[in-house]
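> First, the structure itself, so that you have it in front of you.
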Amino acid sequence: MENKELKIGFQKILEGNKNWIEFVSKDKTGRFQQLAKGQNPEILWIGCADSRVPANELTGTKPGEVFVHRNIANMVIHSDMSMLSVLDYAVNVLKIKQVIIAGHYGCGGVAAALSRQQFGIIDNWLCHIKDVYRIHAKEIDAIADHDQKVDRLIELNVKEQVFNLCTTSIIQNAWKERNDLAVHGMVINIGTGELIDLGSTFTSNDDLGEVFAYK
Ligand code: CO
């Protein structure tokens, strides 16, 4: 059975690529020939899978400048092999200098985690956000407005994911070898386009606390 809309949707993707091919062919800097040989990005972006928060557009960066990992609600789960593999490659092979964990206001994942509704298998992922709520329950419960509650949990979740990232052996071993690696927490305002620094930057394991900082 033929689905016309589905076909048109796919055609749109191919048409979009034609525009990109034209853009690449008109580039006289040799940038794309260089990129075809390899990458040398300085930024690792860990963001939400949400379609509204593309790393390059938000940061004014071009192909080749940002190594990207995205999942539901920009989580850093210590047993997530996909995240760990991206992180290991970014830190130890690409020698990334800036890691940005980027949340965004209006994040559906965080809103879902704050509800009592079941959504399916994703509930087990969202439980990690419920854990963040548990740490900060007092502060979140004190906020009356529901949207403000969600937005505050979005900020706190980013900060907790920054902490989770800094407690990995990958980041801490890199800090032993070099002093040019920073981890930042940021939140995106989709409506204004603003990328807001949450001021939770780590450049060493000094402030992680004794249990978390490896010798
Ligand atoms: Co989101």
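Here, A, B, ... name the chains of the structure tokens in the order displayed, residue numbers run from 1 inside each chain, and ligands are numbered from 1 in the same displayed order.
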Do a neighbour search on Asn40 in chain A at 8 Å with only C-alpha atoms, toss out local chain neighbours closer than 6 positions, and write the hits as an MDAnalysis selection string.
chainID A and resid 64:65 94
> Could you please take those selected residues and save C-alpha atoms as a PDB file, in the first residue's frame?

ATOM      1  CA  GLY A  64      33.670  19.207  12.415  1.00  0.00           C
ATOM      2  CA  GLU A  65      33.578  21.438  15.498  1.00  0.00           C
ATOM      3  CA  LEU A  94      39.992  13.472  20.100  1.00  0.00           C
TER       4      LEU A  94
END
> Based on the backbone DSSP call, show me all residues of range 12-197 of chain A assigned strand (DSSP E or B), as an MDAnalysis selection string.
chainID A and resid 43:48 66:71 98:104 182:188 195:197
> Those same residues, written as an mmCIF file, in the first residue's frame with N, CA and C atoms?

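For reference, part.cif as written:
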data_model
loop_
_atom_site.group_PDB
_atom_site.id
_atom_site.type_symbol
_atom_site.label_atom_id
_atom_site.label_comp_id
_atom_site.auth_asym_id
_atom_site.auth_seq_id
_atom_site.Cartn_x
_atom_site.Cartn_y
_atom_site.Cartn_z
ATOM 1 N N ILE A 43 34.968 20.420 21.195
ATOM 2 C CA ILE A 43 33.799 20.427 22.073
ATOM 3 C C ILE A 43 33.084 19.079 22.038
ATOM 4 N N LEU A 44 32.721 18.575 23.226
ATOM 5 C CA LEU A 44 31.798 17.442 23.318
ATOM 6 C C LEU A 44 30.490 17.973 23.868
ATOM 7 N N TRP A 45 29.418 17.731 23.143
ATOM 8 C CA TRP A 45 28.083 18.202 23.529
ATOM 9 C C TRP A 45 27.248 17.010 23.946
ATOM 10 N N ILE A 46 26.770 17.018 25.181
ATOM 11 C CA ILE A 46 25.830 15.986 25.624
ATOM 12 C C ILE A 46 24.491 16.690 25.834
ATOM 13 N N GLY A 47 23.570 16.451 24.905
ATOM 14 C CA GLY A 47 22.314 17.194 24.925
ATOM 15 C C GLY A 47 21.103 16.290 24.930
ATOM 16 N N CYS A 48 19.938 16.906 24.929
ATOM 17 C CA CYS A 48 18.687 16.150 24.873
ATOM 18 C C CYS A 48 18.407 15.765 23.415
ATOM 19 N N VAL A 66 31.933 20.085 16.692
ATOM 20 C CA VAL A 66 31.302 19.562 17.916
ATOM 21 C C VAL A 66 31.048 18.060 17.796
ATOM 22 N N PHE A 67 31.570 17.312 18.755
ATOM 23 C CA PHE A 67 31.286 15.879 18.863
ATOM 24 C C PHE A 67 30.030 15.765 19.709
ATOM 25 N N VAL A 68 29.039 14.999 19.239
ATOM 26 C CA VAL A 68 27.713 15.081 19.866
ATOM 27 C C VAL A 68 27.203 13.731 20.370
ATOM 28 N N HIS A 69 26.674 13.761 21.578
ATOM 29 C CA HIS A 69 25.917 12.620 22.116
ATOM 30 C C HIS A 69 24.604 13.175 22.642
ATOM 31 N N ARG A 70 23.493 12.588 22.200
ATOM 32 C CA ARG A 70 22.197 13.064 22.688
ATOM 33 C C ARG A 70 21.331 11.886 23.113
ATOM 34 N N ASN A 71 20.608 12.085 24.193
ATOM 35 C CA ASN A 71 19.642 11.081 24.653
ATOM 36 C C ASN A 71 18.486 11.801 25.343
ATOM 37 N N GLN A 98 36.402 21.124 25.869
ATOM 38 C CA GLN A 98 35.194 21.612 26.548
ATOM 39 C C GLN A 98 34.096 20.550 26.441
ATOM 40 N N VAL A 99 33.568 20.152 27.581
ATOM 41 C CA VAL A 99 32.395 19.273 27.560
ATOM 42 C C VAL A 99 31.203 20.100 28.027
ATOM 43 N N ILE A 100 30.147 20.088 27.242
ATOM 44 C CA ILE A 100 28.946 20.840 27.608
ATOM 45 C C ILE A 100 27.790 19.865 27.793
ATOM 46 N N ILE A 101 27.207 19.895 28.982
ATOM 47 C CA ILE A 101 25.956 19.161 29.188
ATOM 48 C C ILE A 101 24.851 20.196 29.072
ATOM 49 N N ALA A 102 24.009 20.011 28.066
ATOM 50 C CA ALA A 102 23.003 21.024 27.759
ATOM 51 C C ALA A 102 21.594 20.486 27.951
ATOM 52 N N GLY A 103 20.916 21.011 28.952
ATOM 53 C CA GLY A 103 19.497 20.729 29.136
ATOM 54 C C GLY A 103 18.692 21.806 28.445
ATOM 55 N N HIS A 104 17.391 21.706 28.510
ATOM 56 C CA HIS A 104 16.568 22.772 27.915
ATOM 57 C C HIS A 104 15.260 22.901 28.673
ATOM 58 N N ALA A 182 37.548 21.085 30.590
ATOM 59 C CA ALA A 182 36.515 21.667 31.447
ATOM 60 C C ALA A 182 35.161 21.044 31.141
ATOM 61 N N VAL A 183 34.366 20.854 32.205
ATOM 62 C CA VAL A 183 33.005 20.327 32.047
ATOM 63 C C VAL A 183 32.024 21.416 32.494
ATOM 64 N N HIS A 184 31.083 21.753 31.623
ATOM 65 C CA HIS A 184 30.133 22.838 31.904
ATOM 66 C C HIS A 184 28.689 22.336 31.897
ATOM 67 N N GLY A 185 27.853 22.998 32.685
ATOM 68 C CA GLY A 185 26.411 22.727 32.662
ATOM 69 C C GLY A 185 25.670 23.931 32.118
ATOM 70 N N MET A 186 24.817 23.697 31.120
ATOM 71 C CA MET A 186 24.089 24.809 30.505
ATOM 72 C C MET A 186 22.636 24.425 30.268
ATOM 73 N N VAL A 187 21.800 25.445 30.126
ATOM 74 C CA VAL A 187 20.395 25.173 29.824
ATOM 75 C C VAL A 187 19.938 26.099 28.695
ATOM 76 N N ILE A 188 19.173 25.529 27.783
ATOM 77 C CA ILE A 188 18.741 26.254 26.591
ATOM 78 C C ILE A 188 17.323 26.787 26.775
ATOM 79 N N LEU A 195 21.584 30.228 25.373
ATOM 80 C CA LEU A 195 22.273 29.119 26.022
ATOM 81 C C LEU A 195 22.805 29.685 27.334
ATOM 82 N N ILE A 196 22.216 29.253 28.453
ATOM 83 C CA ILE A 196 22.521 29.864 29.750
ATOM 84 C C ILE A 196 23.501 29.000 30.540
ATOM 85 N N ASP A 197 24.604 29.632 30.966
ATOM 86 C CA ASP A 197 25.623 28.938 31.751
ATOM 87 C C ASP A 197 25.127 28.803 33.195
#
> For range 121-134 of chain A, list every protein, DNA or RNA residue within 12 Å, evaluated using only C-alpha atoms, and leave out those in the same chain fewer than 4 positions away; present the list as a PyMOL selection string.
chain A and resi 71-80+107-117+138-141+149-161+163-164
> Counting only C-alpha atoms, which residue out of A:Leu35, A:Ala49, A:Val86, A:Leu6 sits closest to Lys62 in chain A?
A:Leu35
> Counting only C-alpha atoms, which of A:Val211, A:Leu84, A:Val162, A:Val53 gets nearest to Asn189 in chain A?
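Counting only C-alpha atoms, the residue closest to Asn189 in chain A is A:Val53.
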> Between CA of Gln39 in chain A and CA of Lys176 in chain A, what distance in Å does the model show, to one decimal?
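Distance reported for this atom pair: 24.7 Å.
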> Counting only C-alpha atoms and all ligand atoms, which residue out of A:Asp27, A:Glu15, A:Asp50, A:Glu22 sits closest to ligand 1?
A:Asp50
> Identify which of the residues A:Tyr89, A:Tyr105, A:Trp20, A:Phe10 lies closest to ligand 1, counting only C-alpha atoms and all ligand atoms when measuring atom-to-atom distances.
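Looking only at the distances to ligand 1, the closest residue turns out to be A:Tyr105.
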> Tell me, in Å to one decimal, how far CA of Thr203 in chain A is from CA of Leu181 in chain A.
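Between these atoms lies a distance of 6.0 Å.
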> Can you list every residue in range 54-148 of chain A that DSSP puts in alpha helix (DSSP H), as a ChimeraX atom specification?
/A:55-59,81-88,108-113,123-135,137-141,146-148
> Take the selection from the previous step and output its residues with N, CA, C and O atoms, as a compact mmCIF listing (two decimals), in the first residue's frame.

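Output file out_7.txt follows:
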# COMPACT_ATOMS: atom_id res chain seq x y z
N ALA A 55 22.87 21.04 18.38
CA ALA A 55 24.10 21.58 18.96
C ALA A 55 24.75 22.64 18.07
O ALA A 55 25.11 23.72 18.54
N ASN A 56 24.92 22.37 16.79
CA ASN A 56 25.64 23.29 15.90
C ASN A 56 24.92 24.63 15.76
O ASN A 56 25.53 25.70 15.93
N GLU A 57 23.63 24.58 15.46
CA GLU A 57 22.88 25.82 15.26
C GLU A 57 22.90 26.69 16.51
O GLU A 57 23.03 27.91 16.44
N LEU A 58 22.77 26.05 17.67
CA LEU A 58 22.70 26.80 18.93
C LEU A 58 24.02 27.47 19.31
O LEU A 58 24.03 28.47 20.01
N THR A 59 25.12 26.88 18.86
CA THR A 59 26.43 27.38 19.29
C THR A 59 27.18 28.08 18.16
O THR A 59 28.32 28.50 18.35
N MET A 81 26.71 2.33 28.05
CA MET A 81 27.89 2.06 27.22
C MET A 81 27.99 3.02 26.04
O MET A 81 29.09 3.32 25.58
N SER A 82 26.85 3.46 25.54
CA SER A 82 26.87 4.39 24.42
C SER A 82 27.51 5.71 24.85
O SER A 82 28.44 6.22 24.20
N MET A 83 27.04 6.25 25.97
CA MET A 83 27.60 7.50 26.49
C MET A 83 29.08 7.33 26.84
O MET A 83 29.91 8.16 26.51
N LEU A 84 29.41 6.23 27.52
CA LEU A 84 30.80 6.00 27.95
C LEU A 84 31.73 5.88 26.75
O LEU A 84 32.87 6.37 26.79
N SER A 85 31.26 5.23 25.69
CA SER A 85 32.08 5.06 24.50
C SER A 85 32.32 6.41 23.82
O SER A 85 33.44 6.71 23.39
N VAL A 86 31.28 7.22 23.72
CA VAL A 86 31.42 8.56 23.14
C VAL A 86 32.39 9.38 23.98
O VAL A 86 33.29 10.04 23.47
N LEU A 87 32.21 9.30 25.30
CA LEU A 87 33.05 10.07 26.21
C LEU A 87 34.51 9.65 26.12
O LEU A 87 35.41 10.50 26.03
N ASP A 88 34.76 8.34 26.13
CA ASP A 88 36.12 7.82 26.06
C ASP A 88 36.81 8.26 24.77
O ASP A 88 37.95 8.74 24.79
N GLY A 108 10.49 17.51 27.90
CA GLY A 108 9.40 16.54 28.12
C GLY A 108 9.83 15.39 29.01
O GLY A 108 9.03 14.85 29.78
N GLY A 109 11.11 15.01 28.91
CA GLY A 109 11.62 13.91 29.72
C GLY A 109 11.57 14.24 31.21
O GLY A 109 11.16 13.41 32.03
N VAL A 110 11.99 15.46 31.53
CA VAL A 110 12.00 15.88 32.93
C VAL A 110 10.56 16.05 33.44
O VAL A 110 10.23 15.65 34.56
N ALA A 111 9.70 16.62 32.59
CA ALA A 111 8.29 16.80 32.97
C ALA A 111 7.65 15.43 33.24
O ALA A 111 6.91 15.27 34.22
N ALA A 112 7.97 14.46 32.39
CA ALA A 112 7.41 13.10 32.55
C ALA A 112 7.90 12.48 33.86
O ALA A 112 7.13 11.81 34.55
N ALA A 113 9.17 12.74 34.18
CA ALA A 113 9.74 12.17 35.41
C ALA A 113 9.09 12.75 36.65
O ALA A 113 9.07 12.12 37.71
N ASP A 123 10.20 4.64 31.23
CA ASP A 123 10.07 4.92 32.68
C ASP A 123 11.35 4.54 33.43
O ASP A 123 11.70 5.18 34.41
N ASN A 124 12.01 3.48 32.96
CA ASN A 124 13.23 3.02 33.64
C ASN A 124 14.39 4.00 33.44
O ASN A 124 15.29 4.10 34.27
N TRP A 125 14.37 4.71 32.32
CA TRP A 125 15.35 5.77 32.05
C TRP A 125 15.01 7.00 32.89
O TRP A 125 15.87 7.60 33.53
N LEU A 126 13.71 7.33 32.90
CA LEU A 126 13.25 8.51 33.63
C LEU A 126 13.44 8.38 35.14
O LEU A 126 13.50 9.39 35.85
N CYS A 127 13.55 7.15 35.63
CA CYS A 127 13.79 6.92 37.06
C CYS A 127 15.07 7.62 37.52
O CYS A 127 15.16 8.05 38.67
N HIS A 128 16.04 7.75 36.61
CA HIS A 128 17.28 8.46 36.96
C HIS A 128 17.00 9.94 37.22
O HIS A 128 17.72 10.58 37.99
N ILE A 129 15.98 10.47 36.57
CA ILE A 129 15.60 11.88 36.82
C ILE A 129 14.80 11.97 38.12
O ILE A 129 14.94 12.93 38.87
N LYS A 130 14.01 10.94 38.38
CA LYS A 130 13.30 10.90 39.68
C LYS A 130 14.31 10.88 40.82
O LYS A 130 14.08 11.45 41.89
N ASP A 131 15.46 10.20 40.59
CA ASP A 131 16.53 10.18 41.60
C ASP A 131 17.05 11.60 41.86
O ASP A 131 17.37 11.95 43.00
N VAL A 132 17.16 12.38 40.79
CA VAL A 132 17.62 13.78 40.94
C VAL A 132 16.58 14.56 41.75
O VAL A 132 16.93 15.34 42.64
N TYR A 133 15.30 14.31 41.46
CA TYR A 133 14.23 14.95 42.24
C TYR A 133 14.38 14.59 43.72
O TYR A 133 14.24 15.44 44.60
N ARG A 134 14.68 13.32 43.99
CA ARG A 134 14.78 12.86 45.39
C ARG A 134 15.85 13.63 46.15
O ARG A 134 15.65 14.01 47.30
N ILE A 135 16.96 13.92 45.46
CA ILE A 135 18.05 14.68 46.10
C ILE A 135 17.59 16.10 46.43
O ILE A 135 17.98 16.67 47.44
N ALA A 137 14.26 17.23 46.53
CA ALA A 137 12.80 17.24 46.72
C ALA A 137 12.32 18.44 47.52
O ALA A 137 11.30 19.06 47.19
N LYS A 138 13.06 18.80 48.55
CA LYS A 138 12.68 19.91 49.42
C LYS A 138 12.53 21.20 48.61
O LYS A 138 11.53 21.92 48.74
N GLU A 139 13.55 21.47 47.79
CA GLU A 139 13.54 22.70 46.98
C GLU A 139 12.42 22.67 45.93
O GLU A 139 11.70 23.64 45.74
N ILE A 140 12.28 21.53 45.26
CA ILE A 140 11.27 21.41 44.19
C ILE A 140 9.86 21.51 44.79
O ILE A 140 8.99 22.22 44.26
N ASP A 141 9.64 20.82 45.90
CA ASP A 141 8.31 20.81 46.53
C ASP A 141 7.89 22.20 47.01
O ASP A 141 6.70 22.50 47.11
N HIS A 146 3.64 24.65 38.69
CA HIS A 146 4.13 23.38 38.14
C HIS A 146 5.23 23.56 37.09
O HIS A 146 6.24 22.86 37.11
N ASP A 147 5.03 24.51 36.15
CA ASP A 147 6.04 24.72 35.10
C ASP A 147 7.38 25.17 35.69
O ASP A 147 8.44 24.78 35.20
N GLN A 148 7.30 25.99 36.75
CA GLN A 148 8.53 26.43 37.42
C GLN A 148 9.22 25.27 38.12
O GLN A 148 10.45 25.20 38.17
> Under the rule that only C-alpha atoms and all ligand atoms are counted, which of A:Ile143, A:Asn3, A:Pro63, A:Pro54 is the nearest residue to ligand 1?
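Closest to ligand 1 of all the choices is A:Pro54.
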> Which value, in Å to one decimal, gives the distance between CA of Lys97 in chain A and CA of Thr61 in chain A?
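CA of Lys97 in chain A sits 15.1 Å away from CA of Thr61 in chain A.
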